[in-house]
Amino acid sequence: MQKMAQTFPSPPPAFLPILLSAVVLLFPATISASAAAGSGCFTSIISFGDSIADTGNLCDLSPPQHLPHMCFPPYGNTFFHRPTGRSCDGRLIIDFIAEHLGLPLVPASFDGRRGDIATGVNFAVAGATALGVEFLKNWGVPVITTNVSLRVQLDLFRELMPSLCNSGDSSGKSALLISCNIYFRKENGALGNLKLYTFEQAGCNGAFDNYLFLMGEIGGNDYNYPLMLPMSFEKIQQLVPIVVNSIGLALRDVIELGAVHIMVPGNFPVGCIPVMLAYYSSSNPRDYDPSTGCLTWLNQFAELHNDLLQTELSRLRKLYPHVNIIYADYYNAMMRIYRSPQQFGFTGGVLKACCGGGGPYNVNTTANCGNPVVKPCDDPSTYVNWDGIHFTEATYRLVAKYILEEGSIVDPRLGASSCATMDSKAQVL
């Protein structure tokens, strides 16, 4: 792994695109002896995170007159043939994990349409941060898409626990009040809030021993928001240990609540993301990795986060030796693609977005994907990136395949699942 450089360029002047989520991902899966007991498979997925794992929560939480762009076509066209609230043309990593485990796709959990929560609950919300909104505002980050931070998601999970664990009988029903003062941005930039949500949930089907917890990807937005502001890079770097500590505290919480199988993804190589390449465009060739065209200093920043996160996970493994804490190395999974895109069929675009408003990287913050005037590429499967920030279904499938099948990408090694195959027929939401 490359070492951090001693100095970094300062960010360019103010520029505030719509940034609804982290450029990092969320992910999981392993079959341990205890998880496999009885069923031979995990029975449920509990997910926390941002847009990398959001299967529709931000769209469901937003009022109809202020829907974010992932709520409109061409989002979802590749697999679902309609928008589902996923920041992608199709399925996300969490979807491929669910398929691999033989589980239904994990739906958004704020929409009141939940069926059997015993097979999965997704608290991830696009734009979410690991740190609280007030902390980031005090740090100098005034515009944040949602206040459903990691701590809020954990609080919602605590509220849901009686429904998950009251009897272990999936036929049981219990009413759950999801109480969220969710923030949303109006078109004029003003801040609004949303009503409470109440819906019926099914009871728990089995213990948490058979649950897979996905902690993230989370934390990327804590950096993305300030990276798009006129804030010194030195100050942004100071956030890294604070973000990692917040993730560590969240992990301790879910462990104390009973989680025994947790996957924690690292950050993506953010220096390869089109929106960052467009924003930090440089005339100095030394700012770029000659083998990929990515911004070297931004990728080193992502590696700093990943190094500190792995150190924190090692510490937690010693504190909780009975818990299976898995690090998912999204960074190196993606770097394989960026270094050999042709090998994986990405012949259309590697550093350009499939769906965007033009420019060298097909990124235009005044014309986002989802705007009727913005047309997607003809074949998203030949592009790595979907909308300038998020990846295509084809990319997510590859990352999922690496995480689930190749021990070199995760620590500890993930076993092959006997539950299903990667391309098993999914339940379409």
# chains A, B, ... in the order shown; residues from 1 in each chain; ligands from 1
>>> residues_around(residues="segment 84-87 of chain A", least_positions_apart="6", cutoff="12 Å", atoms="only C-alpha atoms", output="compact mmCIF listing (two decimals) with N, CA and C atoms, in the first residue's frame")
# COMPACT_ATOMS: atom_id res chain seq x y z
N LEU A 19 -23.99 16.87 -3.80
CA LEU A 19 -23.23 15.68 -3.43
C LEU A 19 -24.08 14.86 -2.50
N LEU A 20 -24.78 13.88 -3.02
CA LEU A 20 -25.76 13.15 -2.23
C LEU A 20 -25.18 11.94 -1.54
N SER A 21 -23.91 11.58 -1.80
CA SER A 21 -23.45 10.43 -1.09
C SER A 21 -21.97 10.26 -1.15
N ALA A 22 -21.49 9.29 -0.39
CA ALA A 22 -20.09 9.03 -0.33
C ALA A 22 -19.63 8.33 -1.57
N VAL A 23 -18.31 8.52 -1.88
CA VAL A 23 -17.76 7.80 -3.00
C VAL A 23 -17.10 6.53 -2.48
N LEU A 25 -18.06 2.61 -0.45
CA LEU A 25 -19.07 1.62 -0.59
C LEU A 25 -19.38 0.84 0.65
N ASP A 50 -24.51 4.96 3.70
CA ASP A 50 -24.90 6.11 2.88
C ASP A 50 -25.42 5.61 1.53
N SER A 51 -25.22 6.39 0.48
CA SER A 51 -25.81 6.05 -0.82
C SER A 51 -25.24 4.78 -1.44
N ILE A 52 -24.08 4.35 -0.99
CA ILE A 52 -23.52 3.12 -1.52
C ILE A 52 -24.42 1.93 -1.15
N ALA A 53 -25.19 2.08 -0.07
CA ALA A 53 -26.06 0.99 0.37
C ALA A 53 -27.53 1.40 0.42
N ASP A 54 -27.85 2.66 0.19
CA ASP A 54 -29.24 3.12 0.29
C ASP A 54 -30.07 2.53 -0.84
N THR A 55 -31.07 1.76 -0.48
CA THR A 55 -31.95 1.13 -1.47
C THR A 55 -33.27 1.88 -1.64
N GLY A 56 -33.29 3.14 -1.19
CA GLY A 56 -34.47 3.97 -1.42
C GLY A 56 -34.88 4.86 -0.27
N ASN A 57 -34.13 4.87 0.82
CA ASN A 57 -34.54 5.63 2.00
C ASN A 57 -34.62 7.13 1.76
N LEU A 58 -33.62 7.71 1.09
CA LEU A 58 -33.65 9.16 0.91
C LEU A 58 -34.86 9.57 0.06
N CYS A 59 -35.17 8.79 -0.96
CA CYS A 59 -36.35 9.10 -1.77
C CYS A 59 -37.63 8.98 -0.95
N ASP A 60 -37.70 7.95 -0.12
CA ASP A 60 -38.90 7.74 0.69
C ASP A 60 -39.05 8.82 1.77
N LEU A 61 -37.93 9.35 2.24
CA LEU A 61 -37.97 10.36 3.30
C LEU A 61 -38.15 11.77 2.77
N SER A 62 -37.99 11.95 1.48
CA SER A 62 -38.08 13.28 0.89
C SER A 62 -39.51 13.56 0.43
N LEU A 67 -37.80 15.80 -4.38
CA LEU A 67 -37.13 14.52 -4.53
C LEU A 67 -35.72 14.70 -5.08
N PRO A 68 -34.74 13.95 -4.55
CA PRO A 68 -33.38 14.00 -5.09
C PRO A 68 -33.30 13.32 -6.44
N HIS A 69 -32.21 13.54 -7.15
CA HIS A 69 -32.14 13.12 -8.55
C HIS A 69 -32.15 11.61 -8.75
N MET A 70 -31.73 10.82 -7.73
CA MET A 70 -31.74 9.37 -7.93
C MET A 70 -33.15 8.78 -7.90
N CYS A 71 -34.14 9.62 -7.65
CA CYS A 71 -35.54 9.17 -7.66
C CYS A 71 -36.15 9.21 -9.06
N PHE A 72 -35.37 9.62 -10.05
CA PHE A 72 -35.88 9.80 -11.42
C PHE A 72 -35.10 8.93 -12.40
N PRO A 73 -35.72 8.63 -13.57
CA PRO A 73 -34.98 7.95 -14.64
C PRO A 73 -33.78 8.81 -15.05
N PRO A 74 -32.71 8.19 -15.52
CA PRO A 74 -32.55 6.77 -15.87
C PRO A 74 -32.03 5.90 -14.72
N TYR A 75 -32.06 6.38 -13.48
CA TYR A 75 -31.65 5.54 -12.37
C TYR A 75 -32.51 4.27 -12.35
N GLY A 76 -31.86 3.14 -12.15
CA GLY A 76 -32.57 1.86 -12.07
C GLY A 76 -32.86 1.19 -13.38
N ASN A 77 -32.53 1.82 -14.50
CA ASN A 77 -32.95 1.29 -15.80
C ASN A 77 -32.37 -0.08 -16.14
N THR A 78 -31.15 -0.36 -15.70
CA THR A 78 -30.48 -1.58 -16.13
C THR A 78 -31.15 -2.84 -15.60
N ILE A 93 -23.97 -3.19 -4.17
CA ILE A 93 -23.24 -4.30 -3.55
C ILE A 93 -24.12 -5.06 -2.57
N ILE A 94 -24.89 -4.34 -1.77
CA ILE A 94 -25.76 -5.00 -0.80
C ILE A 94 -26.76 -5.92 -1.49
N ASP A 95 -27.18 -5.56 -2.69
CA ASP A 95 -28.11 -6.41 -3.44
C ASP A 95 -27.43 -7.70 -3.87
N LEU A 105 -33.79 -9.05 -1.73
CA LEU A 105 -33.09 -7.77 -1.70
C LEU A 105 -33.60 -6.97 -0.51
N VAL A 106 -32.67 -6.30 0.17
CA VAL A 106 -33.02 -5.56 1.38
C VAL A 106 -33.61 -4.21 0.99
N PRO A 107 -34.89 -4.00 1.27
CA PRO A 107 -35.54 -2.76 0.83
C PRO A 107 -35.25 -1.61 1.77
N ALA A 108 -35.61 -0.41 1.33
CA ALA A 108 -35.57 0.75 2.21
C ALA A 108 -36.50 0.49 3.39
N ASP A 111 -40.14 3.36 4.39
CA ASP A 111 -41.22 3.65 3.46
C ASP A 111 -42.58 3.08 3.85
N ALA A 124 -29.48 2.65 5.79
CA ALA A 124 -28.58 3.53 5.03
C ALA A 124 -29.37 4.61 4.30
N VAL A 125 -28.85 5.83 4.34
CA VAL A 125 -29.49 6.97 3.68
C VAL A 125 -28.45 7.73 2.87
N ALA A 126 -28.75 7.99 1.62
CA ALA A 126 -27.82 8.74 0.76
C ALA A 126 -27.47 10.07 1.40
N GLY A 127 -26.20 10.41 1.40
CA GLY A 127 -25.74 11.66 1.97
C GLY A 127 -25.39 11.58 3.43
N CYS A 355 -23.58 8.77 -17.06
CA CYS A 355 -24.73 9.68 -17.08
C CYS A 355 -24.33 11.01 -16.47
N CYS A 369 -27.34 13.74 -13.48
CA CYS A 369 -28.08 12.58 -13.94
C CYS A 369 -29.43 12.58 -13.21
N GLY A 370 -30.49 12.30 -13.93
CA GLY A 370 -31.84 12.42 -13.38
C GLY A 370 -32.56 13.64 -13.89
N ASN A 385 -18.06 4.26 -13.85
CA ASN A 385 -18.83 5.21 -13.05
C ASN A 385 -20.18 5.50 -13.68
N TRP A 386 -21.19 5.66 -12.84
CA TRP A 386 -22.55 5.90 -13.33
C TRP A 386 -22.86 7.39 -13.47
N ASP A 387 -22.79 8.15 -12.37
CA ASP A 387 -23.28 9.53 -12.39
C ASP A 387 -22.27 10.57 -11.92
N GLY A 388 -21.00 10.21 -11.93
CA GLY A 388 -19.96 11.13 -11.50
C GLY A 388 -19.52 10.90 -10.07
N ILE A 389 -20.37 10.25 -9.28
CA ILE A 389 -20.05 9.97 -7.88
C ILE A 389 -20.15 8.48 -7.60
N HIS A 390 -21.21 7.85 -8.09
CA HIS A 390 -21.48 6.45 -7.80
C HIS A 390 -21.09 5.58 -8.99
N PHE A 391 -21.07 4.27 -8.75
CA PHE A 391 -20.61 3.34 -9.77
C PHE A 391 -21.78 2.65 -10.46
N THR A 392 -21.46 2.00 -11.58
CA THR A 392 -22.47 1.25 -12.33
C THR A 392 -22.71 -0.10 -11.67
N GLU A 393 -23.84 -0.71 -12.04
CA GLU A 393 -24.12 -2.05 -11.54
C GLU A 393 -22.99 -3.01 -11.92
N TYR A 396 -20.26 -2.60 -9.37
CA TYR A 396 -20.66 -3.14 -8.07
C TYR A 396 -20.66 -4.67 -8.08
N VAL A 428 -37.41 -8.74 -7.15
CA VAL A 428 -37.46 -7.36 -7.61
C VAL A 428 -38.43 -6.58 -6.75
N LEU A 429 -37.95 -5.47 -6.20
CA LEU A 429 -38.78 -4.68 -5.31
C LEU A 429 -39.81 -3.88 -6.08
>>> select_by_dssp(residues="segment 173-385 of chain A", states="strand (DSSP E or B)", output="ChimeraX atom specification")
/A:173-178,183-185,191-193,197-202,211-215,261-265,288,295,324-328,349-353,355,369,371,376,383-385
>>> write_last_selection(atoms="C-alpha atoms", output="PDB file, in the first residue's frame")
ATOM      1  CA  LYS A 173     -46.192  -8.605  14.801  1.00  0.00           C
ATOM      2  CA  SER A 174     -45.341  -5.476  16.706  1.00  0.00           C
ATOM      3  CA  ALA A 175     -45.956  -1.826  15.947  1.00  0.00           C
ATOM      4  CA  LEU A 176     -42.858   0.330  15.570  1.00  0.00           C
ATOM      5  CA  LEU A 177     -42.796   4.117  15.503  1.00  0.00           C
ATOM      6  CA  ILE A 178     -39.895   5.383  13.445  1.00  0.00           C
ATOM      7  CA  TYR A 183     -33.782  17.230   7.168  1.00  0.00           C
ATOM      8  CA  PHE A 184     -34.086  17.845   3.454  1.00  0.00           C
ATOM      9  CA  ARG A 185     -32.901  20.613   1.164  1.00  0.00           C
ATOM     10  CA  LEU A 191     -33.887  23.466   5.360  1.00  0.00           C
ATOM     11  CA  GLY A 192     -37.149  21.595   5.874  1.00  0.00           C
ATOM     12  CA  ASN A 193     -38.043  18.627   8.040  1.00  0.00           C
ATOM     13  CA  TYR A 197     -43.337   7.405  10.140  1.00  0.00           C
ATOM     14  CA  THR A 198     -45.270   4.526  11.689  1.00  0.00           C
ATOM     15  CA  PHE A 199     -45.570   1.061  10.252  1.00  0.00           C
ATOM     16  CA  GLU A 200     -46.064  -2.569  11.225  1.00  0.00           C
ATOM     17  CA  GLN A 201     -43.029  -4.836  11.406  1.00  0.00           C
ATOM     18  CA  ALA A 202     -42.704  -8.612  11.687  1.00  0.00           C
ATOM     19  CA  TYR A 211     -27.454 -11.827  11.140  1.00  0.00           C
ATOM     20  CA  LEU A 212     -24.905 -10.124   8.945  1.00  0.00           C
ATOM     21  CA  PHE A 213     -24.296  -6.496   9.942  1.00  0.00           C
ATOM     22  CA  LEU A 214     -22.947  -4.144   7.276  1.00  0.00           C
ATOM     23  CA  MET A 215     -21.302  -1.111   8.832  1.00  0.00           C
ATOM     24  CA  HIS A 261     -20.739 -10.915  12.285  1.00  0.00           C
ATOM     25  CA  ILE A 262     -19.876  -7.431  11.003  1.00  0.00           C
ATOM     26  CA  MET A 263     -18.386  -6.307   7.722  1.00  0.00           C
ATOM     27  CA  VAL A 264     -16.728  -2.896   7.585  1.00  0.00           C
ATOM     28  CA  PRO A 265     -15.696  -1.574   4.158  1.00  0.00           C
ATOM     29  CA  TYR A 288      -1.796  12.146 -11.406  1.00  0.00           C
ATOM     30  CA  LEU A 295      -5.325  11.997  -8.552  1.00  0.00           C
ATOM     31  CA  ASN A 324     -16.166 -11.821  13.480  1.00  0.00           C
ATOM     32  CA  ILE A 325     -15.098  -8.350  12.296  1.00  0.00           C
ATOM     33  CA  ILE A 326     -14.367  -8.353   8.563  1.00  0.00           C
ATOM     34  CA  TYR A 327     -12.549  -5.578   6.719  1.00  0.00           C
ATOM     35  CA  ALA A 328     -13.642  -5.254   3.084  1.00  0.00           C
ATOM     36  CA  GLY A 349     -15.415   4.867 -19.953  1.00  0.00           C
ATOM     37  CA  VAL A 350     -13.173   4.452 -16.928  1.00  0.00           C
ATOM     38  CA  LEU A 351     -12.834   7.939 -15.454  1.00  0.00           C
ATOM     39  CA  LYS A 352     -15.876   9.451 -17.210  1.00  0.00           C
ATOM     40  CA  ALA A 353     -19.424   9.160 -15.940  1.00  0.00           C
ATOM     41  CA  CYS A 355     -24.734   9.675 -17.080  1.00  0.00           C
ATOM     42  CA  CYS A 369     -28.083  12.583 -13.935  1.00  0.00           C
ATOM     43  CA  ASN A 371     -32.369  15.741 -15.095  1.00  0.00           C
ATOM     44  CA  PRO A 376     -27.016   8.279 -20.166  1.00  0.00           C
ATOM     45  CA  TYR A 383     -18.513   2.250 -17.812  1.00  0.00           C
ATOM     46  CA  VAL A 384     -17.018   2.130 -14.318  1.00  0.00           C
ATOM     47  CA  ASN A 385     -18.830   5.206 -13.045  1.00  0.00           C
TER      48      ASN A 385
END
>>> closest_residue(among="A:Pro285, A:Pro104, A:Pro83, A:Gly90", to="Ser381 of chain A", atoms="only C-alpha atoms")
A:Gly90
>>> atom_distance(atom1="atom CA of Ser291 of chain A", atom2="atom CA of Tyr338 of chain A")
8.6 Å
>>> closest_residue(among="A:Arg317, A:Ser44, A:Phe79, A:Gly293", to="Arg91 of chain A", atoms="only C-alpha atoms")
A:Phe79
>>> closest_residue(among="A:Thr129, A:Gln300, A:Asn267, A:Asn368", to="Tyr331 of chain A", atoms="only C-alpha atoms")
A:Asn267
>>> residues_around(residues="Phe344 of chain A", least_positions_apart="5", cutoff="9 Å", atoms="only C-alpha atoms", output="PyMOL selection string")
chain A and resi 337+382+398
>>> residues_around(residues="Glu312 of chain A", least_positions_apart="5", cutoff="9 Å", atoms="only C-alpha atoms", output="ChimeraX atom specification")
/A:244-245,247-248,307,317
>>> atom_distance(atom1="atom CA of Phe110 of chain A", atom2="atom CA of Ile45 of chain A")
15.8 Å
>>> closest_residue(among="A:Val363, A:Ile46, A:Ala333, A:Ile144", to="Gly216 of chain A", atoms="only C-alpha atoms")
A:Ile46
>>> select_by_dssp(residues="segment 31-169 of chain A", states="alpha helix (DSSP H)", output="count of residues only")
40
>>> residues_around(residues="Gly271 of chain A", least_positions_apart="2", cutoff="8 Å", atoms="only C-alpha atoms", output="JSON, numbers by chain")
{"A": [269, 273, 276, 277, 294, 295, 296, 297, 298, 299]}
>>> write_last_selection(atoms="N, CA and C atoms", output="PDB file, in the first residue's frame")
ATOM      1  N   PRO A 269     -10.916   4.487  -3.860  1.00  0.00           N
ATOM      2  CA  PRO A 269      -9.901   5.418  -4.370  1.00  0.00           C
ATOM      3  C   PRO A 269     -10.583   6.676  -4.898  1.00  0.00           C
ATOM      4  N   ILE A 273     -12.639   9.303  -8.859  1.00  0.00           N
ATOM      5  CA  ILE A 273     -14.049   9.638  -9.028  1.00  0.00           C
ATOM      6  C   ILE A 273     -14.188  10.858  -9.949  1.00  0.00           C
ATOM      7  N   MET A 276     -14.497  14.409  -8.470  1.00  0.00           N
ATOM      8  CA  MET A 276     -13.260  14.895  -7.854  1.00  0.00           C
ATOM      9  C   MET A 276     -12.231  15.244  -8.919  1.00  0.00           C
ATOM     10  N   LEU A 277     -12.149  14.446  -9.963  1.00  0.00           N
ATOM     11  CA  LEU A 277     -11.213  14.736 -11.050  1.00  0.00           C
ATOM     12  C   LEU A 277     -11.560  16.055 -11.737  1.00  0.00           C
ATOM     13  N   CYS A 294      -5.679   8.806 -12.204  1.00  0.00           N
ATOM     14  CA  CYS A 294      -6.328   9.248 -10.970  1.00  0.00           C
ATOM     15  C   CYS A 294      -5.443  10.239 -10.224  1.00  0.00           C
ATOM     16  N   LEU A 295      -6.067  11.038  -9.370  1.00  0.00           N
ATOM     17  CA  LEU A 295      -5.325  11.997  -8.552  1.00  0.00           C
ATOM     18  C   LEU A 295      -4.625  11.264  -7.410  1.00  0.00           C
ATOM     19  N   THR A 296      -3.297  11.285  -7.433  1.00  0.00           N
ATOM     20  CA  THR A 296      -2.516  10.513  -6.469  1.00  0.00           C
ATOM     21  C   THR A 296      -2.755  10.969  -5.042  1.00  0.00           C
ATOM     22  N   TRP A 297      -2.757  12.277  -4.798  1.00  0.00           N
ATOM     23  CA  TRP A 297      -2.853  12.769  -3.429  1.00  0.00           C
ATOM     24  C   TRP A 297      -4.211  12.455  -2.797  1.00  0.00           C
ATOM     25  N   LEU A 298      -5.284  12.433  -3.614  1.00  0.00           N
ATOM     26  CA  LEU A 298      -6.602  12.085  -3.073  1.00  0.00           C
ATOM     27  C   LEU A 298      -6.694  10.591  -2.764  1.00  0.00           C
ATOM     28  N   ASN A 299      -6.073   9.774  -3.586  1.00  0.00           N
ATOM     29  CA  ASN A 299      -6.049   8.348  -3.293  1.00  0.00           C
ATOM     30  C   ASN A 299      -5.236   8.061  -2.038  1.00  0.00           C
TER      31      ASN A 299
END
>>> closest_residue(among="A:Phe135, A:Phe80, A:Phe346, A:Phe208", to="Leu239 of chain A", atoms="only C-alpha atoms")
A:Phe135
>>> atom_distance(atom1="atom CA of Ala278 of chain A", atom2="atom CA of Phe233 of chain A")
17.2 Å
